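Reviewing the structure listed below.
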Amino acid sequence: MSFHTGVAANEEPHDKGKYAGKVRSRPFVASVVLLGGIAALVLSIAASISVGAADIQLATVWEAVFNFNQDLRLHQVIWELRFPRALAGAMVGACFAVAGAIMQGMTRNPLADSGLLGLNAGSGFVLALCFAFFPDLPFLYLIQYSFLGAALGAGLVYGIGSLAKNGLTPVRLTLAGVAVSALLTALSQGIAIYYHVSQDLAFWYAGGVAGTKWIQLKIMFPWVAAAMIGALILSRSITLLSLGDEVATGLGQRIGWVRAAAMIIVLVLAGTAVSIVGAVGFVGLVIPHIARYFVGLDYRWIIPTSAVFGSLLMVLADIGARIVHPPYETPIGALIALIGVPFFLYLSRRERREL
Amino acid sequence: MEPLHFNSREQRRKIRGITVLSVFVLLIIIMFAISMNTGYIRLSPLDVIRTLVGVGTERQEVILFDFRLPRIVISVLVGVGLGVSGCILQSLSRNGLADPGILGINAGAGLMVVLFVAFFSTNAKAPVLFLPFLALVGAGLSAALVYTLAYKRNEGLSPTRLVLSGVAVTAGISAAMIVLTLKLDPQNYQFVTVWLVGRIWGANWTFVLALLPWLLLLLPYVFYKAKVLDVLNLGEQIATGLGTAVEKERLGLLVASVALAGSCVAVGGGIGFVGLIGPHLARRLVGPQHEFLLPASALIGGFLLIAADTLARWIMQPYEIPTGIVVAVIGAPYFLYLLAKSQT
Amino acid sequence: MFSLRKEKTTKISIVFISLLALLLLLTACGQTESLSDKNTTDPSNGENSVSDATNNEESAKEQVVKDAMGHEVKIPAHPQRIIASYLEDPLVALGVKPVAQWSVGNGQTVQDYLQTELQGIPTINYDLPPEEVMSFSPDLIVIGSESLVQNGLYEKYAKIAPTYVLGDEISNDWRKTLLKLGELLNQSDAAEKMLQDYDQKVKEAKEKLQNAIGEKSVAVLWLTQKQFYMVDETRSSGAVLYGDLGLNPPNLVTELSEEAKATWNPVSLEKLAELNADYIFLVNSDKAQGDITLNDPIWQGIPAVKAGHVYEMSTSSSWLYSGLIANEKIIEDVLKTLVK
């Protein structure tokens, strides 16, 4: 399935109204998939809660949610430790996936992803600076610095990529992303060694949602919610953007504004997610493709589906991180990379004209 | 009139080539001197000279010959190897952005190194001498993987796909390295993360001994094939027309490149960018003829790495930042600059 | 014309690079103040200071021994400048002061509980960079674990001074470490006597504790970087409490010890919720960051915490370390808190 719709680049738009219909969209399939996804998500969150150092029965989980008894140790464990962690996984996965979907739609680059485009490395760099110079920064500020970092990384990558003569090809962006990530990672490590914060940074790089507290979720939630709503509002415009700049302008879109808003949403989503879970890539790469496969090219469906699938992936990966080598936690970024890389390879073989 | 005109251009090219080569030899020697001076214990240049000649104190001899020199020598050798390897890769793939790091070769070698360290101690001499060979095998495997993934039956080897596959394989292998280390050898987790950044971790004469044979074997072979590389650059049809066994030569050179990269990485850690920048700079200075391009890549690579290593040891005394960090901080912006200016 | 421009940029780049190199050269030469000068005045100008043996005054007491890795080491009779990183406890117990002491982060963290004896002694980083070691001109180097001399480091240290590696088997057991060091420093009798005195102290303390708390269980936890760690039964403070003093370990300690590879093993809050210890000794390295972790409801729900039986030990105490002096202090602390 080609990434572009049936509209060729040089076709003249002779009937603006027809375009909404021409975008392949399968509302029925999409709804089914979405509902199914949500169901799977709920189940996997339940599974996530029951898996751990001590496996808890699902019945206990049910009781803890609806009949919470403060004195029961297991209930405490569920509410204070497992639940926030599972929810964090879901939120983070959704953030990465939607950020990736928007990036891919906006730039018409099927290989866009927060990890590959330097956002993660940028956040990491700024966070290293924070750990070094402001050692006990409250989480709220860490999130904001994380945005800045993501913006820095993305800005560098896009800026340099677009300086080139033939513009932003996916390959060029990927390469720029690799180089910018390498640079920012190296700088982060240099700072970490000099200011003795290597340990903190190592934890962050390893990545994981273990130990997430309710308070962090509470801080995160408004930002994420706002960004998601923004994404849904923009979804129609993004669909149009994904058809091509000329098409979108022709249909009355104000590309500049849409792009700017979309970029801010991406940064908020990626920055927030990274500040909780650390350097995890590939989610934003893989999930939008899967979403598109099921629901077509209408971003009004792609965005929610990506969110659900992204959450699902992250929660499952988090379970995996606990199962691989108990009682140690395997870095979740590594696990997801093991899935994401083959997929990336598959993608790189598939693309023809765009590359 | 024609032959005369051609000769003078030839001559100018040769003169420029030789000048550049000599300048870089000189620079490396200067860097050697500076590097021997750099370290926690202060040695004045006079002391260094006296020790080299043989009249230094025993203490100074230990500092110089046992502590500093092996590492300096390794950094030059690794730089040379990576520079040449990158040059071959760039010429073969006709892609100015090829580099053993990007193409996943370093990662493959690294995986082997990590497995090695998990199962053997690095104290015994014999296993260490074996290390570059193991790394080479690893590098070969990942190179083969990248190649297969980038090769499509109808379209052959597209440079873009090559790079993308390389990036993907590198990411995948790095992730695998982390997971494996946690399972097999959690104490060495730190080692793996530092290795991924690139650090000259084996700094004694045994490691030099392990690396040297590979360079002595492969470099002459590669230099000998300089003309072949020139011909291959003209394109497949022309090359075949001129009588070169294209596939065979390509394979041989590819193997040499991978072997060089693998053995260097075994000793020097996952240092990237040297194989990229060295050949690039070399090309701008001496032109595309491999007769000079290869040695220039070698010398520039060597100079880059010894300079980076010296900087790494000097900049944050008494700490040592991993050399790979310095290389990345210098190399990445240059790479980005190249990217911005490139045509493909 | 094109080639001319190329040549010009070529020349410029060459000149630039040469200038850069020259600049670096001048900078290196211009280093007047060197870090190493503070460690020792270099007596080596002209003199052979890489000593294998003191001049044969008391060669009778000089020993040639084999260390844990099979190296033959010539121990000098009266070593004056010893570097025995992380082994300062037995050294101080034997009345010997090293010429440099163990530290992490280049002086940031040292063994606080030994500082009265070690005050003024310069620090050396725990990974013992060879040049830094050399700058102290030691005449004897003792290393605890084989893993510290990998990658050819042993040969480098050996070139500076006789280097003896204790080996994990000895260095993980503080008594063996003390005895071995006593042997190397010709103080075997003193070392044995100290062990006997220690055992006597232990016996007395054990009785008092039996009377005070009987069969109740005691846990030792370390909180750092928002993560709890539990000590291995046979090491550090664990060895003192459970091994020497015979106190009862709680359920988790015995579980963890089976899987344990390190002295301190990470334990999740989840697992901690199952802790059935009656008393908890807590070393809180996160004190500066405030008590976020300690306000967690799961922690608060642990029986010992609810009953208020958590005793915080300062990070400058000896609870994280192991050795004669460290252990004696631990015993003092335990008696102070549990025997009312």
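The way I read the labels, and the way they are meant: chains A, B, ... in the order of the structure tokens, residue 1 as the first residue of every chain, and ligand 1 as the first ligand shown, with later ones counted on from there.
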
Check your understanding: What are the residues of chain C that have an atom within 9 Å of an atom of chain A, counting only C-alpha atoms, as an MDAnalysis selection string?
Key -> chainID C and resid 105 225:226 266:271 273:274 289 296:298 301:302

Check your understanding: Which chain B residues are at most 6 Å from chain A (counting only C-alpha atoms), as a ChimeraX atom specification?
Key -> /B:165,168,172,175,325,328-329,332,340-341

Residue subset to file, keeping C-alpha atoms, as a PDB file, in the first residue's frame:
```
ATOM      1  CA  SER B 165      19.634  -0.673   6.974  1.00  0.00           C
ATOM      2  CA  ALA B 168      18.523   0.050  11.834  1.00  0.00           C
ATOM      3  CA  GLY B 172      19.015  -3.233  16.948  1.00  0.00           C
ATOM      4  CA  ALA B 175      19.645  -2.775  22.069  1.00  0.00           C
ATOM      5  CA  ILE B 325      32.728  11.641  22.979  1.00  0.00           C
ATOM      6  CA  ALA B 328      31.400  12.717  18.215  1.00  0.00           C
ATOM      7  CA  VAL B 329      31.447  16.331  19.324  1.00  0.00           C
ATOM      8  CA  ALA B 332      28.880  15.130  14.206  1.00  0.00           C
ATOM      9  CA  ALA B 340      23.547  20.079   4.464  1.00  0.00           C
ATOM     10  CA  LYS B 341      25.745  20.498   1.446  1.00  0.00           C
TER      11      LYS B 341
END
```

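Nearest to chain C of all the residues B:Trp201, B:Phe191, B:Phe292, B:Tyr224 is B:Trp201, counting only C-alpha atoms.
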
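Between B:Leu64 and the residues C:Asp168, C:Glu131, C:Glu192, C:Glu88, the shortest atom-to-atom distance, using only C-alpha atoms, involves C:Glu131.
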
Check your understanding: Which residues, written as an MDAnalysis selection string, have at least one atom at most 12 Å from A:Gly100, with only C-alpha atoms counted and residues fewer than 3 positions away on the same chain left out?
Key -> chainID A and resid 93:97 103:117 119 231 262:263 265:267 269:270 281:291 302:303 306:307 310

Revision key, fill the gap. Nearest to C:Ala68, restricted to only C-alpha atoms and choosing among C:Asp139, C:Pro122, C:Leu166, C:Lys156, comes out as C:Leu166
